[in-house]
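With mmCIF, C-alpha atoms inside, this is structure07.cif:
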```
data_structure
#
loop_
_atom_site.group_PDB
_atom_site.id
_atom_site.type_symbol
_atom_site.label_atom_id
_atom_site.label_comp_id
_atom_site.auth_asym_id
_atom_site.auth_seq_id
_atom_site.Cartn_x
_atom_site.Cartn_y
_atom_site.Cartn_z
ATOM 1 C CA MET A 1 -5.957 23.863 0.508
ATOM 2 C CA ILE A 2 -2.260 23.026 0.154
ATOM 3 C CA GLY A 3 -1.624 24.079 3.740
ATOM 4 C CA ALA A 4 -4.488 21.916 5.000
ATOM 5 C CA LEU A 5 -3.261 19.003 2.907
ATOM 6 C CA GLY A 6 0.240 19.346 4.338
ATOM 7 C CA THR A 7 -1.119 19.413 7.889
ATOM 8 C CA LEU A 8 -3.172 16.269 7.315
ATOM 9 C CA VAL A 9 -0.282 14.427 5.661
ATOM 10 C CA ARG A 10 2.024 15.350 8.523
ATOM 11 C CA ARG A 11 -0.478 13.981 11.034
ATOM 12 C CA GLU A 12 -0.833 10.755 9.054
ATOM 13 C CA LEU A 13 2.931 10.279 9.070
ATOM 14 C CA MET A 14 3.170 10.944 12.796
ATOM 15 C CA LEU A 15 0.472 8.351 13.470
ATOM 16 C CA ALA A 16 2.076 5.834 11.118
ATOM 17 C CA PHE A 17 5.437 6.150 12.848
ATOM 18 C CA GLY A 18 3.900 6.117 16.314
ATOM 19 C CA LEU A 19 4.756 9.755 17.060
ATOM 20 C CA GLY A 20 1.280 11.230 17.295
ATOM 21 C CA GLY A 21 -0.065 9.440 20.315
ATOM 22 C CA GLY A 22 -2.929 8.049 18.217
ATOM 23 C CA ALA A 23 -4.455 4.623 18.046
ATOM 24 C CA ARG A 24 -2.321 3.235 15.229
ATOM 25 C CA GLY A 25 1.109 3.100 16.848
ATOM 26 C CA SER A 26 4.302 2.106 15.089
ATOM 27 C CA ALA A 27 2.831 -1.253 14.041
ATOM 28 C CA GLY A 28 1.268 0.460 11.013
ATOM 29 C CA PHE A 29 4.782 1.118 9.729
ATOM 30 C CA VAL A 30 6.725 -1.904 10.996
ATOM 31 C CA MET A 31 4.441 -4.897 10.506
ATOM 32 C CA PRO A 32 4.098 -4.748 6.678
ATOM 33 C CA ILE A 33 7.896 -4.560 6.326
ATOM 34 C CA ILE A 34 8.441 -7.453 8.752
ATOM 35 C CA PHE A 35 5.869 -9.528 6.870
ATOM 36 C CA PHE A 36 7.450 -8.648 3.515
ATOM 37 C CA LEU A 37 10.915 -9.691 4.677
ATOM 38 C CA ALA A 38 9.557 -12.818 6.374
ATOM 39 C CA VAL A 39 8.087 -14.052 3.090
ATOM 40 C CA ALA A 40 11.379 -13.447 1.283
ATOM 41 C CA THR A 41 13.238 -15.283 4.043
ATOM 42 C CA ILE A 42 10.981 -18.335 4.163
ATOM 43 C CA TYR A 43 10.449 -18.870 0.424
ATOM 44 C CA PRO A 44 14.000 -20.138 -0.354
ATOM 45 C CA PHE A 45 13.510 -22.929 2.207
ATOM 46 C CA ALA A 46 10.442 -24.080 0.274
ATOM 47 C CA VAL A 47 12.168 -23.986 -3.125
ATOM 48 C CA GLY A 48 15.392 -25.648 -2.035
ATOM 49 C CA PRO A 49 18.941 -25.130 -3.292
ATOM 50 C CA ASP A 50 18.000 -24.660 -6.974
ATOM 51 C CA ALA A 51 19.421 -21.170 -7.593
ATOM 52 C CA GLN A 52 18.046 -20.962 -11.141
ATOM 53 C CA LEU A 53 14.501 -21.742 -10.008
ATOM 54 C CA LEU A 54 14.819 -19.245 -7.186
ATOM 55 C CA GLY A 55 16.040 -16.571 -9.594
ATOM 56 C CA ARG A 56 13.151 -17.212 -12.003
ATOM 57 C CA THR A 57 10.425 -17.153 -9.365
ATOM 58 C CA GLY A 58 11.862 -14.749 -6.793
ATOM 59 C CA GLY A 59 10.632 -11.605 -8.530
ATOM 60 C CA GLY A 60 7.067 -12.869 -8.521
ATOM 61 C CA VAL A 61 7.366 -13.688 -4.826
ATOM 62 C CA ILE A 62 8.448 -10.098 -4.113
ATOM 63 C CA TRP A 63 5.319 -8.831 -5.850
ATOM 64 C CA VAL A 64 3.010 -11.239 -4.021
ATOM 65 C CA ALA A 65 4.618 -10.325 -0.687
ATOM 66 C CA ALA A 66 4.243 -6.598 -1.436
ATOM 67 C CA LEU A 67 0.572 -7.053 -2.290
ATOM 68 C CA LEU A 68 -0.152 -9.053 0.864
ATOM 69 C CA ALA A 69 1.857 -6.636 3.025
ATOM 70 C CA SER A 70 -0.279 -3.748 1.785
ATOM 71 C CA ILE A 71 -3.344 -5.373 3.382
ATOM 72 C CA LEU A 72 -2.030 -5.263 6.955
ATOM 73 C CA PRO A 73 -2.552 -1.543 7.773
ATOM 74 C CA ILE A 74 -6.021 -1.256 6.183
ATOM 75 C CA ASP A 75 -8.042 -1.473 9.383
ATOM 76 C CA ARG A 76 -6.111 1.434 10.933
ATOM 77 C CA LEU A 77 -6.268 3.928 8.064
ATOM 78 C CA VAL A 78 -9.784 5.343 8.532
ATOM 79 C CA GLN A 79 -11.561 3.508 11.347
ATOM 80 C CA ALA A 80 -9.539 5.102 14.162
ATOM 81 C CA ASP A 81 -10.302 8.633 12.945
ATOM 82 C CA VAL A 82 -13.980 7.781 12.584
ATOM 83 C CA ASP A 83 -14.111 6.406 16.138
ATOM 84 C CA GLN A 84 -12.349 9.484 17.550
ATOM 85 C CA GLY A 85 -14.505 11.939 15.595
ATOM 86 C CA MET A 86 -11.526 13.381 13.735
ATOM 87 C CA ILE A 87 -13.268 13.161 10.355
ATOM 88 C CA ASP A 88 -16.143 15.316 11.621
ATOM 89 C CA GLN A 89 -13.683 17.851 13.005
ATOM 90 C CA TYR A 90 -11.900 18.088 9.665
ATOM 91 C CA VAL A 91 -15.164 18.621 7.811
ATOM 92 C CA VAL A 92 -16.288 21.302 10.281
ATOM 93 C CA ARG A 93 -13.016 23.118 9.547
ATOM 94 C CA GLY A 94 -13.940 23.204 5.870
ATOM 95 C CA MET A 95 -11.891 20.260 4.600
ATOM 96 C CA SER A 96 -13.611 18.067 2.037
ATOM 97 C CA GLU A 97 -13.768 14.311 2.398
ATOM 98 C CA GLU A 98 -11.808 13.949 -0.841
ATOM 99 C CA LEU A 99 -9.007 16.114 0.573
ATOM 100 C CA ILE A 100 -8.948 13.960 3.715
ATOM 101 C CA ALA A 101 -8.771 10.801 1.578
ATOM 102 C CA LEU A 102 -5.980 12.281 -0.554
ATOM 103 C CA ALA A 103 -3.974 13.199 2.548
ATOM 104 C CA LYS A 104 -4.421 9.694 3.933
ATOM 105 C CA THR A 105 -3.285 8.236 0.622
ATOM 106 C CA ILE A 106 -0.137 10.379 0.520
ATOM 107 C CA GLY A 107 0.664 9.719 4.169
ATOM 108 C CA HIS A 108 0.062 5.996 3.819
ATOM 109 C CA TRP A 109 2.294 5.809 0.747
ATOM 110 C CA LEU A 110 5.135 7.750 2.375
ATOM 111 C CA SER A 111 5.078 5.401 5.386
ATOM 112 C CA PHE A 112 4.660 2.255 3.285
ATOM 113 C CA GLY A 113 6.112 2.667 -0.217
ATOM 114 C CA PRO A 114 9.720 3.856 0.334
ATOM 115 C CA PRO A 115 10.359 1.457 3.269
ATOM 116 C CA LEU A 116 9.008 -1.398 1.153
ATOM 117 C CA MET A 117 11.320 -0.456 -1.717
ATOM 118 C CA LEU A 118 14.297 -0.454 0.656
ATOM 119 C CA ALA A 119 13.246 -3.838 2.020
ATOM 120 C CA ALA A 120 13.004 -5.108 -1.566
ATOM 121 C CA ILE A 121 16.792 -4.733 -1.869
ATOM 122 C CA ILE A 122 17.261 -7.229 0.962
ATOM 123 C CA SER A 123 14.534 -9.472 -0.417
ATOM 124 C CA ALA A 124 16.118 -9.501 -3.868
ATOM 125 C CA GLY A 125 19.379 -10.745 -2.362
ATOM 126 C CA LEU A 126 17.576 -13.477 -0.420
ATOM 127 C CA LEU A 127 15.665 -14.531 -3.530
ATOM 128 C CA GLY A 128 18.653 -14.644 -5.892
ATOM 129 C CA GLN A 129 17.645 -11.708 -8.094
ATOM 130 C CA SER A 130 20.207 -10.116 -10.388
ATOM 131 C CA ALA A 131 20.997 -6.404 -10.377
ATOM 132 C CA GLU A 132 18.969 -5.941 -13.562
ATOM 133 C CA GLN A 133 15.969 -7.727 -12.046
ATOM 134 C CA LEU A 134 16.267 -5.632 -8.892
ATOM 135 C CA ILE A 135 16.188 -2.416 -10.908
ATOM 136 C CA ILE A 136 13.023 -3.548 -12.701
ATOM 137 C CA VAL A 137 11.432 -4.562 -9.383
ATOM 138 C CA GLU A 138 12.262 -1.188 -7.826
ATOM 139 C CA ILE A 139 10.860 0.733 -10.795
ATOM 140 C CA GLY A 140 7.740 -1.405 -10.675
ATOM 141 C CA LEU A 141 7.271 -0.882 -6.937
ATOM 142 C CA ALA A 142 7.783 2.862 -7.374
ATOM 143 C CA CYS A 143 4.916 2.799 -9.882
ATOM 144 C CA ALA A 144 2.641 0.402 -7.992
ATOM 145 C CA THR A 145 2.925 1.407 -4.338
ATOM 146 C CA PRO A 146 0.991 4.704 -4.779
ATOM 147 C CA ALA A 147 -1.877 2.702 -6.270
ATOM 148 C CA LEU A 148 -1.700 0.131 -3.455
ATOM 149 C CA ALA A 149 -1.827 2.973 -0.936
ATOM 150 C CA ALA A 150 -4.796 4.561 -2.717
ATOM 151 C CA LEU A 151 -6.608 1.225 -2.873
ATOM 152 C CA GLY A 152 -5.929 0.648 0.816
ATOM 153 C CA VAL A 153 -7.445 3.991 1.809
ATOM 154 C CA MET A 154 -10.462 3.465 -0.441
ATOM 155 C CA ILE A 155 -11.133 -0.013 0.971
ATOM 156 C CA ALA A 156 -10.603 1.278 4.522
ATOM 157 C CA ALA A 157 -13.182 4.008 3.888
ATOM 158 C CA LEU A 158 -15.660 1.523 2.420
ATOM 159 C CA THR A 159 -15.355 -0.920 5.325
ATOM 160 C CA ALA A 160 -15.119 1.629 8.182
ATOM 161 C CA GLY A 161 -17.693 0.803 10.827
ATOM 162 C CA LEU A 162 -18.398 -2.676 9.482
ATOM 163 C CA ARG A 163 -18.004 -5.773 11.615
ATOM 164 C CA HIS A 164 -14.914 -7.748 10.582
ATOM 165 C CA GLY A 165 -14.001 -4.832 8.327
ATOM 166 C CA ALA A 166 -10.302 -5.772 8.267
ATOM 167 C CA ALA A 167 -10.936 -9.245 6.853
ATOM 168 C CA LEU A 168 -13.480 -7.901 4.390
ATOM 169 C CA GLY A 169 -11.041 -5.189 3.340
ATOM 170 C CA GLY A 170 -8.396 -7.755 2.476
ATOM 171 C CA LEU A 171 -10.875 -9.714 0.372
ATOM 172 C CA LEU A 172 -11.879 -6.557 -1.480
ATOM 173 C CA LEU A 173 -8.362 -5.285 -2.082
ATOM 174 C CA LEU A 174 -6.853 -8.466 -3.515
ATOM 175 C CA PRO A 175 -8.913 -8.691 -6.744
ATOM 176 C CA LEU A 176 -8.601 -4.944 -7.361
ATOM 177 C CA ALA A 177 -4.819 -5.145 -7.051
ATOM 178 C CA VAL A 178 -4.418 -8.189 -9.315
ATOM 179 C CA PRO A 179 -3.723 -6.064 -12.453
ATOM 180 C CA LEU A 180 -0.812 -4.412 -10.621
ATOM 181 C CA LEU A 181 0.520 -7.853 -9.704
ATOM 182 C CA ILE A 182 0.175 -9.155 -13.266
ATOM 183 C CA PHE A 183 1.871 -6.168 -14.911
ATOM 184 C CA GLY A 184 4.559 -5.908 -12.228
ATOM 185 C CA ALA A 185 5.537 -9.562 -12.193
ATOM 186 C CA GLY A 186 5.157 -9.770 -15.973
ATOM 187 C CA SER A 187 7.672 -6.978 -16.477
ATOM 188 C CA LEU A 188 10.366 -9.306 -15.093
ATOM 189 C CA THR A 189 10.004 -11.669 -18.047
ATOM 190 C CA PRO A 190 12.825 -11.028 -20.568
ATOM 191 C CA GLY A 191 11.579 -8.840 -23.404
ATOM 192 C CA SER A 192 8.411 -7.828 -21.522
ATOM 193 C CA GLN A 193 9.479 -4.482 -20.101
ATOM 194 C CA ASN A 194 6.355 -2.939 -21.656
ATOM 195 C CA GLY A 195 4.639 -4.331 -18.585
ATOM 196 C CA LEU A 196 6.091 -1.376 -16.686
ATOM 197 C CA LEU A 197 4.212 1.017 -18.969
ATOM 198 C CA LEU A 198 0.948 -0.837 -18.371
ATOM 199 C CA LEU A 199 1.723 -0.910 -14.648
ATOM 200 C CA ALA A 200 2.321 2.847 -14.587
ATOM 201 C CA ALA A 201 -0.923 3.493 -16.482
ATOM 202 C CA ALA A 202 -2.970 1.258 -14.167
ATOM 203 C CA SER A 203 -1.343 2.803 -11.106
ATOM 204 C CA LEU A 204 -2.029 6.353 -12.307
ATOM 205 C CA LEU A 205 -5.677 5.511 -12.946
ATOM 206 C CA LEU A 206 -6.145 3.981 -9.504
ATOM 207 C CA THR A 207 -4.261 6.779 -7.764
ATOM 208 C CA VAL A 208 -6.597 9.359 -9.323
ATOM 209 C CA ILE A 209 -9.889 7.495 -8.883
ATOM 210 C CA CYS A 210 -9.460 5.933 -5.434
ATOM 211 C CA PRO A 211 -9.208 9.144 -3.335
ATOM 212 C CA ILE A 212 -12.416 10.391 -4.980
ATOM 213 C CA ALA A 213 -14.188 7.101 -4.221
ATOM 214 C CA ALA A 214 -12.753 7.066 -0.695
ATOM 215 C CA GLY A 215 -14.021 10.608 -0.100
ATOM 216 C CA ALA A 216 -17.499 9.595 -1.261
ATOM 217 C CA ALA A 217 -17.409 6.570 1.055
ATOM 218 C CA ILE A 218 -16.342 8.727 4.024
ATOM 219 C CA ARG A 219 -19.147 11.183 3.265
ATOM 220 C CA ALA A 220 -21.704 8.389 3.023
ATOM 221 C CA GLY A 221 -20.509 6.956 6.335
ATOM 222 C CA ARG A 222 -21.048 10.301 8.067
ATOM 223 C CA GLU A 223 -24.621 10.700 6.801
#
```

What does this structure look like when you write it as structure tokens?
Amino acid sequence: MIGALGTLVRRELMLAFGLGGGARGSAGFVMPIIFFLAVATIYPFAVGPDAQLLGRTGGGVIWVAALLASILPIDRLVQADVDQGMIDQYVVRGMSEELIALAKTIGHWLSFGPPLMLAAIISAGLLGQSAEQLIIVEIGLACATPALAALGVMIAALTAGLRHGAALGGLLLLPLAVPLLIFGAGSLTPGSQNGLLLLAAASLLLTVICPIAAGAAIRAGRE
């Protein structure tokens, strides 16, 4: 099972980075990061020259941008493999739908989470965040991005084959990810670092449950 999981994860990474010749292309990796940095670049123009206001609100903007950026690749996570018949081929080879969903979650996180955390360093500078705030943001993103990846795969599996599935996926993901946003942004408030513990707990729960739900959704879509 570990060997099959590694093979699937490797394929997901190749597709995400545009190296596998699949339907996703490099946009699945680049566009969320560009969007994330674009939000951090534009926001200071809206706030104006008030550095204190920017410092107080910048952390929350990073979290909102990360949440919105996680929506962009949803339509490419499962639908392309369904259209090409890859899911059926995996199942014929003895791989369970839950294993496929887990591999997609790991691959999606590796192509989305670490690059987003690196981009957060640039965003923190643009948004006037202190070194201490940046550390808290990075810890929070390290906790939350696996859950965002798991949610993305689950929503992609639920909406695969539906008309306007990408738009519907975004609408479904946002309310489910709100607890991550609340705990993550709340941890930036002085004296509220316990928010990171709640964030880690919520992320762990979602990371465990979502691949199971995604596997069930993939199975139901095949029947």

Exercise for the section: For segment 176-189 of chain A, work out the shell of residues within 9 Å, counting all atoms listed in the file and skipping chain neighbours fewer than 6 positions away, then give it as a PyMOL selection string. Expected result: chain A and resi 56+59-64+67+133+136-137+140-141+144+147-148+151+195-200+202-203

Exercise for the section: Evaluate the PyMOL selection byres ((chain A and resi 98-111) around 9) on the structure here and hand back the selected residues as a PyMOL selection string. Expected result: chain A and resi 1+4-13+16-17+28-29+73+77-78+87+90-91+95-97+112-116+145-154+157+207+210-216+218-219

Care to translate the PyMOL selection byres ((chain A and resi 129) around 10) into actual residues of this file, as a compact mmCIF listing (two decimals) with C-alpha atoms, keeping the file's coordinate frame?
```
# COMPACT_ATOMS: atom_id res chain seq x y z
CA ALA A 51 19.42 -21.17 -7.59
CA GLN A 52 18.05 -20.96 -11.14
CA LEU A 54 14.82 -19.24 -7.19
CA GLY A 55 16.04 -16.57 -9.59
CA ARG A 56 13.15 -17.21 -12.00
CA THR A 57 10.42 -17.15 -9.36
CA GLY A 58 11.86 -14.75 -6.79
CA GLY A 59 10.63 -11.60 -8.53
CA ILE A 121 16.79 -4.73 -1.87
CA SER A 123 14.53 -9.47 -0.42
CA ALA A 124 16.12 -9.50 -3.87
CA GLY A 125 19.38 -10.74 -2.36
CA LEU A 126 17.58 -13.48 -0.42
CA LEU A 127 15.66 -14.53 -3.53
CA GLY A 128 18.65 -14.64 -5.89
CA SER A 130 20.21 -10.12 -10.39
CA ALA A 131 21.00 -6.40 -10.38
CA GLU A 132 18.97 -5.94 -13.56
CA GLN A 133 15.97 -7.73 -12.05
CA LEU A 134 16.27 -5.63 -8.89
CA ILE A 135 16.19 -2.42 -10.91
CA VAL A 137 11.43 -4.56 -9.38
```

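Counting from atom CA of Leu171 of chain A, the distance to atom CA of Glu138 of chain A is 26.0 Å.
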
Listed atoms of segment 121-135 of chain A, axis-aligned box, 8 Å per side: centre and edge lengths to one decimal in Å, as AutoDock Vina command-line options?
```
--center_x 17.8 --center_y -8.5 --center_z -6.3 --size_x 22.5 --size_y 28.2 --size_z 30.5
```

Handout entry: Who sits within 12 Å of Ile34 of chain A, only C-alpha atoms, same chain under 6 positions skipped, as a ChimeraX atom specification
Key = /A:27-28,40-41,65-66,68-70,72,112,115-116,119-120,122-123

Practice task
State, in Å with one decimal place, the distance from atom CA of Ile139 of chain A to atom CA of Gly48 of chain A.
Solution key: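 Value for the atom CA of Ile139 of chain A-atom CA of Gly48 of chain A distance: 28.2 Å.
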
Handout entry: One-decimal distance in Å that lies between atom CA of Ala156 of chain A and atom CA of Gly169 of chain A
Key = 6.6 Å

Problem - Minimum-distance residue to Leu15 of chain A, chosen among A:Ala160, A:Asp81, A:Phe36, A:Leu168 (using all atoms listed in the file) - result: A:Asp81

Handout entry: Distance query Ala167 of chain A at most 10 Å, only C-alpha atoms, self and fewer than 2 positions along chain excluded, as a list in words
Key =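 With the cut-off at 10 Å, the set is Ile71, Leu72, Ile74, Asp75, Thr159, Arg163, His164, Gly165, Gly169, Gly170, Leu171 and Leu172 of chain A.
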
Taking only N, CA and C atoms, show segment 133-156 of chain A of the given structure as an mmCIF file, in the first residue's frame.
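Final output, saved to result.cif:
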```cif
data_model
loop_
_atom_site.group_PDB
_atom_site.id
_atom_site.type_symbol
_atom_site.label_atom_id
_atom_site.label_comp_id
_atom_site.auth_asym_id
_atom_site.auth_seq_id
_atom_site.Cartn_x
_atom_site.Cartn_y
_atom_site.Cartn_z
ATOM 1 N N GLN A 133 4.838 38.098 14.629
ATOM 2 C CA GLN A 133 3.582 37.806 13.935
ATOM 3 C C GLN A 133 3.818 36.839 12.782
ATOM 4 N N LEU A 134 4.921 37.016 12.070
ATOM 5 C CA LEU A 134 5.231 36.122 10.957
ATOM 6 C C LEU A 134 5.419 34.690 11.433
ATOM 7 N N ILE A 135 6.092 34.522 12.565
ATOM 8 C CA ILE A 135 6.294 33.170 13.094
ATOM 9 C C ILE A 135 4.951 32.513 13.417
ATOM 10 N N ILE A 136 4.055 33.283 14.038
ATOM 11 C CA ILE A 136 2.733 32.740 14.376
ATOM 12 C C ILE A 136 1.957 32.397 13.106
ATOM 13 N N VAL A 137 2.030 33.271 12.101
ATOM 14 C CA VAL A 137 1.356 33.002 10.826
ATOM 15 C C VAL A 137 1.891 31.725 10.193
ATOM 16 N N GLU A 138 3.212 31.558 10.189
ATOM 17 C CA GLU A 138 3.811 30.381 9.562
ATOM 18 C C GLU A 138 3.423 29.102 10.304
ATOM 19 N N ILE A 139 3.422 29.158 11.623
ATOM 20 C CA ILE A 139 2.992 27.981 12.397
ATOM 21 C C ILE A 139 1.533 27.662 12.094
ATOM 22 N N GLY A 140 0.716 28.711 12.046
ATOM 23 C CA GLY A 140 -0.698 28.508 11.745
ATOM 24 C C GLY A 140 -0.919 27.919 10.360
ATOM 25 N N LEU A 141 -0.194 28.434 9.371
ATOM 26 C CA LEU A 141 -0.339 27.901 8.008
ATOM 27 C C LEU A 141 0.157 26.461 7.924
ATOM 28 N N ALA A 142 1.222 26.148 8.669
ATOM 29 C CA ALA A 142 1.709 24.769 8.690
ATOM 30 C C ALA A 142 0.645 23.826 9.246
ATOM 31 N N CYS A 143 -0.139 24.319 10.205
ATOM 32 C CA CYS A 143 -1.219 23.502 10.772
ATOM 33 C C CYS A 143 -2.426 23.442 9.841
ATOM 34 N N ALA A 144 -2.754 24.555 9.192
ATOM 35 C CA ALA A 144 -4.020 24.670 8.474
ATOM 36 C C ALA A 144 -3.966 24.172 7.039
ATOM 37 N N THR A 145 -2.824 24.318 6.365
ATOM 38 C CA THR A 145 -2.794 23.965 4.946
ATOM 39 C C THR A 145 -3.080 22.482 4.675
ATOM 40 N N PRO A 146 -2.672 21.532 5.536
ATOM 41 C CA PRO A 146 -3.108 20.145 5.273
ATOM 42 C C PRO A 146 -4.622 19.997 5.290
ATOM 43 N N ALA A 147 -5.287 20.700 6.207
ATOM 44 C CA ALA A 147 -6.748 20.632 6.256
ATOM 45 C C ALA A 147 -7.377 21.298 5.038
ATOM 46 N N LEU A 148 -6.810 22.424 4.583
ATOM 47 C CA LEU A 148 -7.323 23.066 3.373
ATOM 48 C C LEU A 148 -7.159 22.151 2.163
ATOM 49 N N ALA A 149 -6.023 21.451 2.096
ATOM 50 C CA ALA A 149 -5.812 20.512 0.999
ATOM 51 C C ALA A 149 -6.816 19.364 1.068
ATOM 52 N N ALA A 150 -7.043 18.832 2.266
ATOM 53 C CA ALA A 150 -7.993 17.735 2.428
ATOM 54 C C ALA A 150 -9.411 18.176 2.082
ATOM 55 N N LEU A 151 -9.787 19.379 2.525
ATOM 56 C CA LEU A 151 -11.096 19.912 2.172
ATOM 57 C C LEU A 151 -11.237 20.092 0.668
ATOM 58 N N GLY A 152 -10.171 20.588 0.027
ATOM 59 C CA GLY A 152 -10.217 20.800 -1.411
ATOM 60 C C GLY A 152 -10.453 19.507 -2.168
ATOM 61 N N VAL A 153 -9.752 18.441 -1.778
ATOM 62 C CA VAL A 153 -9.932 17.151 -2.443
ATOM 63 C C VAL A 153 -11.331 16.604 -2.191
ATOM 64 N N MET A 154 -11.823 16.731 -0.966
ATOM 65 C CA MET A 154 -13.161 16.236 -0.659
ATOM 66 C C MET A 154 -14.218 16.972 -1.486
ATOM 67 N N ILE A 155 -14.118 18.300 -1.541
ATOM 68 C CA ILE A 155 -15.091 19.077 -2.315
ATOM 69 C C ILE A 155 -14.970 18.751 -3.800
ATOM 70 N N ALA A 156 -13.733 18.579 -4.285
ATOM 71 C CA ALA A 156 -13.536 18.225 -5.693
ATOM 72 C C ALA A 156 -14.182 16.883 -6.014
#
```
